[in-house]
Amino acid sequence: MLLAAVNVAADVARSAARATDGKVYMVSLEQRDEMPAAKGEIAEVEEENIDIRNGWGPKEILVEDGKVTGIVFKKCTQVKDADGRFNPQYDEDDTMTLPCTDVLMAIGQSAEWGDLLKGSKVELNRNGTAKADKITFQTAEPDIFVGGDIYHGARFAIDAIAEGKLGMYSLNRYVHPGQSLTIGRDLREFIELDRDDISIPLNSFDTADRQTPGMKPGDPLATFSDLREPLTEEQIKKEAGRCLGCGATTVDLNQCVGCGLCTTRCEFDAIHLSRDIPEASNMVVAEDMYGAIGPYAAKRAIKIVKRELKEKFARK
């Protein structure tokens, strides 16, 4: 028997099914459409005849002669409150008893700071995560930065990796006095294409679903090896096309070099480049470099001399 329902719980349930000849149950507080697990994970759980029970929370583990014999569940009527916070509510009179010999719990994680923040100004949320600026990841204690699960709770590992990189930028600026933590930062504000409110035909852009890998022959319950095949070359191309055509767009002005290649690749002619400072984008070959910068250098030299003479006479 397994409690909870996330991707990790699905892995635990499938491992349990391979380690026993008995029935495996997977029980979660959330309803099927609320379960924090990928659809593919749930599909694989069901394909391996694991019984998923939604909307139940543990009430009592039954023990006889020092051994587990079953577990009593109570109906979960609410997982989150009106503010979206985890606050499960139950109907204590509506119960379900499932017989079992083993109980595996995959119930997530929580923050445990101990005395680490003692004497600091770091503020915490109700769930124990640290409050921080969403751009700089700086807490109320100026020299403490956070990211990943301890900042926003459990998410994908790639989120923590990305925030670690962004936090590094903040740390680097912080230890160099006089540098702003916010100037030139990517605000990560993405504008997603609303495909339900466009004037172009729906079939004019890629609407392919996520590609599904093939399966090797064999009984999945007879092995811990992954029976999924790699994507074919054609599937990889389609998957890459989905990524490039997701509709989420952003331009990092610190990285855009104005090459203009994007304007030639956009099938809808939606990207255009304009020169805010035309004279700063004139291109010359190396052989003509001195001829191009010479007049400007001479003009600057004259201005410098005039300023120095003016300051000299002012002192007299």
# chains A, B, ... in the order shown; residues from 1 in each chain; ligands from 1
call {"tool": "select_by_dssp", "arguments": {"residues": "range 76-236 of chain A", "states": "helix (DSSP H, G or I)", "output": "ChimeraX atom specification"}}
result
/A:149-152,157-174,202-204,220-222,233-236
call {"tool": "write_last_selection", "arguments": {"atoms": "N, CA, C and O atoms", "output": "short mmCIF file (atom, residue, chain, number, x, y, z; two decimals), in the first residue's frame"}}
result
data_model
loop_
_atom_site.label_atom_id
_atom_site.label_comp_id
_atom_site.auth_asym_id
_atom_site.auth_seq_id
_atom_site.Cartn_x
_atom_site.Cartn_y
_atom_site.Cartn_z
N ASP A 149 13.70 24.32 -3.63
CA ASP A 149 12.60 23.87 -2.78
C ASP A 149 12.47 24.67 -1.49
O ASP A 149 11.36 24.87 -0.99
N ILE A 150 13.59 25.14 -0.94
CA ILE A 150 13.52 25.88 0.33
C ILE A 150 12.94 27.27 0.12
O ILE A 150 12.60 27.96 1.08
N TYR A 151 12.80 27.67 -1.14
CA TYR A 151 12.22 28.98 -1.48
C TYR A 151 10.74 28.86 -1.84
O TYR A 151 9.91 29.62 -1.34
N HIS A 152 10.39 27.90 -2.69
CA HIS A 152 9.01 27.82 -3.16
C HIS A 152 8.35 26.47 -2.93
O HIS A 152 7.22 26.25 -3.34
N ALA A 157 13.71 19.52 -10.46
CA ALA A 157 15.11 19.80 -10.18
C ALA A 157 15.63 20.93 -11.07
O ALA A 157 16.47 21.74 -10.65
N ILE A 158 15.13 21.02 -12.30
CA ILE A 158 15.62 22.04 -13.22
C ILE A 158 15.27 23.43 -12.73
O ILE A 158 15.97 24.41 -13.02
N ASP A 159 14.17 23.57 -11.95
CA ASP A 159 13.83 24.87 -11.37
C ASP A 159 14.90 25.30 -10.38
O ASP A 159 15.32 26.47 -10.36
N ALA A 160 15.35 24.36 -9.54
CA ALA A 160 16.39 24.68 -8.56
C ALA A 160 17.70 25.01 -9.25
O ALA A 160 18.44 25.91 -8.83
N ILE A 161 18.01 24.29 -10.33
CA ILE A 161 19.25 24.55 -11.08
C ILE A 161 19.22 25.95 -11.68
O ILE A 161 20.20 26.71 -11.60
N ALA A 162 18.09 26.31 -12.29
CA ALA A 162 17.95 27.64 -12.92
C ALA A 162 18.06 28.73 -11.87
O ALA A 162 18.73 29.75 -12.08
N GLU A 163 17.41 28.53 -10.72
CA GLU A 163 17.45 29.56 -9.68
C GLU A 163 18.83 29.64 -9.03
O GLU A 163 19.25 30.71 -8.60
N GLY A 164 19.54 28.52 -8.99
CA GLY A 164 20.91 28.57 -8.49
C GLY A 164 21.79 29.43 -9.37
O GLY A 164 22.62 30.20 -8.88
N LYS A 165 21.57 29.34 -10.67
CA LYS A 165 22.35 30.16 -11.62
C LYS A 165 21.99 31.63 -11.47
O LYS A 165 22.88 32.50 -11.43
N LEU A 166 20.71 31.93 -11.37
CA LEU A 166 20.28 33.32 -11.21
C LEU A 166 20.72 33.88 -9.86
O LEU A 166 21.09 35.05 -9.75
N GLY A 167 20.66 33.04 -8.84
CA GLY A 167 21.12 33.47 -7.53
C GLY A 167 22.59 33.78 -7.51
O GLY A 167 23.06 34.66 -6.79
N MET A 168 23.35 33.04 -8.33
CA MET A 168 24.79 33.29 -8.44
C MET A 168 25.06 34.70 -8.96
O MET A 168 25.97 35.38 -8.49
N TYR A 169 24.24 35.14 -9.92
CA TYR A 169 24.39 36.51 -10.43
C TYR A 169 24.19 37.52 -9.29
O TYR A 169 24.94 38.50 -9.16
N SER A 170 23.16 37.28 -8.47
CA SER A 170 22.88 38.19 -7.36
C SER A 170 24.01 38.19 -6.35
O SER A 170 24.44 39.25 -5.87
N LEU A 171 24.52 37.01 -6.02
CA LEU A 171 25.61 36.90 -5.05
C LEU A 171 26.85 37.62 -5.55
O LEU A 171 27.53 38.33 -4.80
N ASN A 172 27.14 37.45 -6.83
CA ASN A 172 28.33 38.07 -7.40
C ASN A 172 28.22 39.60 -7.35
O ASN A 172 29.19 40.29 -7.03
N ARG A 173 27.03 40.11 -7.64
CA ARG A 173 26.84 41.56 -7.57
C ARG A 173 26.87 42.05 -6.13
O ARG A 173 27.39 43.14 -5.86
N TYR A 174 26.34 41.25 -5.23
CA TYR A 174 26.26 41.68 -3.83
C TYR A 174 27.65 41.85 -3.22
O TYR A 174 27.89 42.78 -2.44
N LEU A 202 -5.94 27.69 -37.49
CA LEU A 202 -5.35 26.84 -36.46
C LEU A 202 -4.34 25.86 -37.04
O LEU A 202 -3.33 25.53 -36.40
N ASN A 203 -4.58 25.41 -38.27
CA ASN A 203 -3.68 24.41 -38.86
C ASN A 203 -2.44 25.04 -39.48
O ASN A 203 -1.66 24.37 -40.14
N SER A 204 -2.23 26.35 -39.26
CA SER A 204 -1.06 27.00 -39.84
C SER A 204 0.15 26.93 -38.93
O SER A 204 1.23 27.37 -39.31
N PRO A 220 6.50 -5.78 -18.00
CA PRO A 220 7.12 -4.70 -17.23
C PRO A 220 7.29 -5.04 -15.75
O PRO A 220 8.21 -4.54 -15.10
N LEU A 221 6.43 -5.92 -15.22
CA LEU A 221 6.52 -6.26 -13.81
C LEU A 221 7.62 -7.29 -13.52
O LEU A 221 7.91 -7.58 -12.36
N ALA A 222 8.25 -7.78 -14.58
CA ALA A 222 9.30 -8.79 -14.39
C ALA A 222 10.69 -8.17 -14.34
O ALA A 222 11.68 -8.89 -14.18
N GLU A 233 14.18 9.34 -34.85
CA GLU A 233 14.67 10.61 -35.39
C GLU A 233 13.51 11.52 -35.76
O GLU A 233 13.54 12.73 -35.50
N GLU A 234 12.45 10.96 -36.34
CA GLU A 234 11.30 11.76 -36.72
C GLU A 234 10.58 12.31 -35.49
O GLU A 234 10.14 13.47 -35.48
N GLN A 235 10.49 11.51 -34.41
CA GLN A 235 9.86 11.98 -33.19
C GLN A 235 10.67 13.10 -32.54
O GLN A 235 10.11 14.05 -32.00
N ILE A 236 12.00 12.97 -32.60
CA ILE A 236 12.87 14.01 -32.03
C ILE A 236 12.64 15.34 -32.76
O ILE A 236 12.58 16.41 -32.15
#
call {"tool": "select_by_dssp", "arguments": {"residues": "range 19-134 of chain A", "states": "strand (DSSP E)", "output": "number ranges by chain"}}
result
A: 25-28, 51-54, 56-64, 67-80, 86-99, 104-105
call {"tool": "closest_residue", "arguments": {"among": "A:Ile71, A:Phe268, A:Phe224, A:Arg210", "to": "Arg242 in chain A", "atoms": "only C-alpha atoms"}}
result
A:Arg210
call {"tool": "closest_atom_pairs", "arguments": {"of": "range 17-111 of chain A", "to": "range 116-125 of chain A", "cutoff": "12 Å", "atoms": "only C-alpha atoms", "output": "CSV"}}
result
residue,atom,partner,partner_atom,distance
A:Arg85,CA,A:Asn125,CA,10.9
A:Ser110,CA,A:Asn125,CA,11.7
A:Ala111,CA,A:Leu124,CA,10.0
call {"tool": "residues_around", "arguments": {"residues": "Ala154 in chain A", "least_positions_apart": "4", "cutoff": "8 Å", "atoms": "only C-alpha atoms", "output": "ChimeraX atom specification"}}
result
/A:108-109,148-149
